[in-house]
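A.B. asks: The following block contains the structure, expressed as structure tokens.
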Amino acid sequence: MFDFREILSVTLILFSVIDILGSIPIVINLRKKVGHIQSGKATIAAGILMVLFLVLGKSILELFGIGVEDFAIAGALIIFALGAEMILGIEIFKPDPSAGSTSTSIVPIAFPLIAGAGTLTTILTLKSEYSQANLAVGIVLNLIIIFVVLKSTNWLERKLGQTGLDVLRRIFGIILLSIAIKIFKSNVFPEL
């Protein structure tokens, strides 16, 4: 049932898409504006969104007559765009400036920063490649990492510095581009 290689792959793919390390500057900026980020609340809210989409995502797609393979191809394109953003330092996906700041821990940290369109698309896309149990474990492992990172933003900011954060972001960008190409190929050209 559980496959260590699948769990490791899923964990790394989600880690790259969520890009919590690349989001540290955003989290630090929000923390400076509002004074405190509730790490536990943000992590739990993001986890609920990811698990709900893992379990119900396919049913939602079927409601609209979309197949998982179609969604996987669309997801590959989004993952490719996220990777391009990370490598090129450009902003393709722009945050919604009209979103209220009633709870900074939920909006924008839990959604859309952690469990945004890219993450939810990736979860559903990965369902075409990996078992649901291994995906669930990968989600939980990422939630643990997210919680630790959110709790450690001060320390991480001092240790990594801007250059370290930029290098990490670009490395994960290359990984995302490779993953996007693999997912695209396996759903468009399954015989390859």
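By order in the structure tokens, chains are A, B, ...; within a chain, residues start at 1; ligands start at 1, following the order shown.
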Could you give me, as a ChimeraX atom specification, the residues within 9 Å of stretch 5-7 of chain A, counting only C-alpha atoms and dropping anything in the same chain fewer than 5 positions from it?
C.D. replies: /A:12,130-131,133-138
A.B. asks: Next, the residues of the selection above should be written as a CSV table (one decimal), in the first residue's frame with C-alpha atoms.
C.D. replies:
```
chain,number,residue,atom,x,y,z
A,12,LEU,CA,9.2,16.7,-3.1
A,130,TYR,CA,0.4,8.0,-7.6
A,131,SER,CA,-1.9,6.2,-5.0
A,133,ALA,CA,-2.6,6.9,0.4
A,134,ASN,CA,0.9,8.0,-0.7
A,135,LEU,CA,-0.5,11.4,-1.7
A,136,ALA,CA,-2.1,11.8,1.7
A,137,VAL,CA,1.2,11.0,3.4
A,138,GLY,CA,3.0,13.5,1.2
```
A.B. asks: What does the distance between atom CA of A:Ser128 and atom CA of A:Glu69 come to in Å, to one decimal place?
C.D. replies: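 Atom-to-atom, atom CA of A:Ser128 and atom CA of A:Glu69 are spaced 7.0 Å apart.
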A.B. asks: Quick one: of A:Phe184, A:Phe64, A:Phe53, A:Phe189, who's nearest to A:Ala117, counting only C-alpha atoms?
C.D. replies: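 The closest residue to A:Ala117 is A:Phe53.
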A.B. asks: For A:Asp3, which of A:Gln132, A:Asp166, A:Leu82, A:Thr153 is the closest residue, counting only C-alpha atoms?
C.D. replies: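 Of all the options, A:Gln132 lies closest to A:Asp3.
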A.B. asks: Could you please write out, as a ChimeraX atom specification, every residue of stretch 84-149 of chain A that DSSP assigns to helix (DSSP H, G or I)?
C.D. replies: /A:84-88,105-114,117-126,132-149
A.B. asks: Record the distance separating atom CA of A:Ile78 and atom CA of A:Gly118, expressed in Å with one decimal.
C.D. replies: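 Straight-line distance from atom CA of A:Ile78 to atom CA of A:Gly118 works out to 6.4 Å.
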A.B. asks: Could you check the closest approach to A:Val140 for each of A:Ile90, A:Lys127, A:Glu191, A:Leu14 and tell me which residue wins, using only C-alpha atoms?
C.D. replies: A:Leu14
A.B. asks: At a cut-off of 10 Å, using only C-alpha atoms, what residues contact A:Lys151? Leave out same-chain residues fewer than 3 positions from it and give the result as a PDB file with N, CA, C and O atoms, in the first residue's frame.
C.D. replies:
```pdb
ATOM      1  N   ILE A  37       1.681  35.876  12.839  1.00  0.00           N
ATOM      2  CA  ILE A  37       1.078  34.896  11.940  1.00  0.00           C
ATOM      3  C   ILE A  37       0.762  33.658  12.781  1.00  0.00           C
ATOM      4  O   ILE A  37       1.624  33.145  13.488  1.00  0.00           O
ATOM      5  N   GLN A  38      -0.475  33.183  12.712  1.00  0.00           N
ATOM      6  CA  GLN A  38      -0.855  31.983  13.449  1.00  0.00           C
ATOM      7  C   GLN A  38      -0.495  30.760  12.613  1.00  0.00           C
ATOM      8  O   GLN A  38      -1.270  30.303  11.776  1.00  0.00           O
ATOM      9  N   SER A  39       0.692  30.214  12.865  1.00  0.00           N
ATOM     10  CA  SER A  39       1.226  29.109  12.063  1.00  0.00           C
ATOM     11  C   SER A  39       0.330  27.885  12.085  1.00  0.00           C
ATOM     12  O   SER A  39       0.093  27.265  11.045  1.00  0.00           O
ATOM     13  N   GLY A  40      -0.172  27.519  13.262  1.00  0.00           N
ATOM     14  CA  GLY A  40      -1.024  26.338  13.380  1.00  0.00           C
ATOM     15  C   GLY A  40      -2.326  26.497  12.623  1.00  0.00           C
ATOM     16  O   GLY A  40      -2.759  25.595  11.894  1.00  0.00           O
ATOM     17  N   ILE A 145       6.287  20.333   7.412  1.00  0.00           N
ATOM     18  CA  ILE A 145       7.342  21.244   6.952  1.00  0.00           C
ATOM     19  C   ILE A 145       6.827  22.686   6.954  1.00  0.00           C
ATOM     20  O   ILE A 145       7.509  23.611   7.411  1.00  0.00           O
ATOM     21  N   ILE A 146       5.603  22.884   6.450  1.00  0.00           N
ATOM     22  CA  ILE A 146       5.015  24.225   6.396  1.00  0.00           C
ATOM     23  C   ILE A 146       4.915  24.820   7.796  1.00  0.00           C
ATOM     24  O   ILE A 146       5.287  25.976   8.027  1.00  0.00           O
ATOM     25  N   PHE A 147       4.424  24.036   8.748  1.00  0.00           N
ATOM     26  CA  PHE A 147       4.285  24.514  10.124  1.00  0.00           C
ATOM     27  C   PHE A 147       5.640  24.940  10.682  1.00  0.00           C
ATOM     28  O   PHE A 147       5.780  26.021  11.264  1.00  0.00           O
ATOM     29  N   VAL A 148       6.643  24.090  10.503  1.00  0.00           N
ATOM     30  CA  VAL A 148       7.989  24.392  11.020  1.00  0.00           C
ATOM     31  C   VAL A 148       8.541  25.656  10.364  1.00  0.00           C
ATOM     32  O   VAL A 148       9.107  26.529  11.040  1.00  0.00           O
ATOM     33  N   ASN A 154      11.756  33.959  11.256  1.00  0.00           N
ATOM     34  CA  ASN A 154      12.812  34.869  11.726  1.00  0.00           C
ATOM     35  C   ASN A 154      14.181  34.231  11.575  1.00  0.00           C
ATOM     36  O   ASN A 154      15.125  34.830  11.050  1.00  0.00           O
ATOM     37  N   TRP A 155      14.290  33.010  12.064  1.00  0.00           N
ATOM     38  CA  TRP A 155      15.567  32.292  12.016  1.00  0.00           C
ATOM     39  C   TRP A 155      15.996  32.036  10.569  1.00  0.00           C
ATOM     40  O   TRP A 155      17.152  32.244  10.213  1.00  0.00           O
ATOM     41  N   LEU A 156      15.062  31.580   9.737  1.00  0.00           N
ATOM     42  CA  LEU A 156      15.378  31.297   8.332  1.00  0.00           C
ATOM     43  C   LEU A 156      15.810  32.552   7.587  1.00  0.00           C
ATOM     44  O   LEU A 156      16.733  32.503   6.772  1.00  0.00           O
TER      45      LEU A 156
END
```
A.B. asks: For each of A:Leu150, A:Leu49, A:Ala72, A:Ile181, take the minimum atom-to-atom distance to A:Arg31, counting only C-alpha atoms, then give the residue where this is smallest.
C.D. replies: A:Leu150
A.B. asks: Which polymer residues have any atom within 10 Å of an atom of A:Leu113, counting only C-alpha atoms, with same-chain residues fewer than 6 positions away left out, as a list in words?
C.D. replies: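 With the cut-off at 10 Å, the set is Ile18, Asp19, Ile20, Ser23, Ile26, Val27, Ala46, Pro95, Ile106, Val107 and Thr119 of chain A.
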A.B. asks: Please produce an output containing N, CA and C atoms for each residue in the selection, written as a short mmCIF file (atom, residue, chain, number, x, y, z; two decimals), in the first residue's frame.
C.D. replies:
```cif
data_model
loop_
_atom_site.label_atom_id
_atom_site.label_comp_id
_atom_site.auth_asym_id
_atom_site.auth_seq_id
_atom_site.Cartn_x
_atom_site.Cartn_y
_atom_site.Cartn_z
N ILE A 18 4.30 24.11 -3.56
CA ILE A 18 3.90 24.97 -2.45
C ILE A 18 4.94 26.06 -2.26
N ASP A 19 6.22 25.70 -2.41
CA ASP A 19 7.34 26.65 -2.35
C ASP A 19 7.28 27.49 -1.08
N ILE A 20 7.13 26.82 0.06
CA ILE A 20 7.05 27.55 1.32
C ILE A 20 8.35 28.31 1.60
N SER A 23 8.30 31.37 -0.30
CA SER A 23 7.28 32.28 0.22
C SER A 23 7.71 32.97 1.51
N ILE A 26 7.42 36.71 1.58
CA ILE A 26 6.03 37.17 1.65
C ILE A 26 5.51 37.03 3.07
N VAL A 27 5.80 35.88 3.70
CA VAL A 27 5.34 35.64 5.07
C VAL A 27 5.99 36.66 6.02
N ALA A 46 -4.88 25.08 5.44
CA ALA A 46 -4.32 24.61 4.16
C ALA A 46 -4.48 23.09 4.04
N PRO A 95 -1.34 38.02 -7.26
CA PRO A 95 -2.26 37.91 -6.13
C PRO A 95 -3.44 38.87 -6.30
N ILE A 106 -5.25 32.83 7.34
CA ILE A 106 -6.01 32.04 6.37
C ILE A 106 -5.83 32.63 4.98
N VAL A 107 -6.15 33.92 4.83
CA VAL A 107 -5.98 34.59 3.54
C VAL A 107 -4.94 35.68 3.76
N THR A 119 -1.17 24.25 -6.08
CA THR A 119 -1.13 23.09 -5.18
C THR A 119 -2.32 22.17 -5.42
#
```
A.B. asks: Work out how far atom CA of A:Ile13 is from atom CA of A:Ile175, in Å to one decimal.
C.D. replies: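 Pair atom CA of A:Ile175 / atom CA of A:Ile13 returns 8.1 Å.
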A.B. asks: Which one of A:Glu85, A:Lys33, A:Ile174, A:Ala42 sits closest to A:Pro112 if you count only C-alpha atoms?
C.D. replies: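 Under the stated criterion, the closest residue is A:Ala42.
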A.B. asks: Which residues, written as a short mmCIF file (atom, residue, chain, number, x, y, z; two decimals) with all heavy atoms, in the first residue's frame, have at least one atom at most 12 Å from A:Gly35, with only C-alpha atoms counted and residues fewer than 5 positions away on the same chain left out?
C.D. replies:
```
data_model
loop_
_atom_site.label_atom_id
_atom_site.label_comp_id
_atom_site.auth_asym_id
_atom_site.auth_seq_id
_atom_site.Cartn_x
_atom_site.Cartn_y
_atom_site.Cartn_z
N VAL A 27 5.80 35.88 3.70
CA VAL A 27 5.34 35.64 5.07
C VAL A 27 5.99 36.66 6.02
O VAL A 27 5.31 37.21 6.90
CB VAL A 27 5.67 34.19 5.51
CG1 VAL A 27 5.34 33.98 6.98
CG2 VAL A 27 4.91 33.19 4.65
N ILE A 28 7.27 36.93 5.84
CA ILE A 28 7.97 37.90 6.68
C ILE A 28 7.35 39.29 6.51
O ILE A 28 7.12 40.01 7.50
CB ILE A 28 9.48 37.92 6.35
CG1 ILE A 28 10.12 36.61 6.85
CG2 ILE A 28 10.17 39.12 6.97
CD1 ILE A 28 11.52 36.37 6.35
N ASN A 29 7.06 39.65 5.27
CA ASN A 29 6.44 40.95 5.01
C ASN A 29 5.06 41.05 5.67
O ASN A 29 4.72 42.06 6.28
CB ASN A 29 6.34 41.18 3.50
CG ASN A 29 5.89 42.58 3.17
OD1 ASN A 29 6.34 43.54 3.77
ND2 ASN A 29 5.00 42.69 2.20
N LEU A 30 4.26 39.98 5.56
CA LEU A 30 2.94 39.97 6.20
C LEU A 30 3.07 40.04 7.72
O LEU A 30 2.30 40.74 8.38
CB LEU A 30 2.16 38.71 5.81
CG LEU A 30 1.62 38.67 4.38
CD1 LEU A 30 1.12 37.28 4.04
CD2 LEU A 30 0.51 39.70 4.22
N THR A 104 -5.10 37.11 8.35
CA THR A 104 -3.88 36.93 7.55
C THR A 104 -3.40 35.49 7.57
O THR A 104 -2.78 35.04 6.63
CB THR A 104 -2.78 37.88 8.07
OG1 THR A 104 -3.29 39.21 8.03
CG2 THR A 104 -1.54 37.81 7.21
N SER A 105 -3.72 34.75 8.62
CA SER A 105 -3.28 33.36 8.68
C SER A 105 -4.00 32.49 7.66
O SER A 105 -3.44 31.51 7.18
CB SER A 105 -3.49 32.80 10.09
OG SER A 105 -2.70 33.53 11.00
#
```
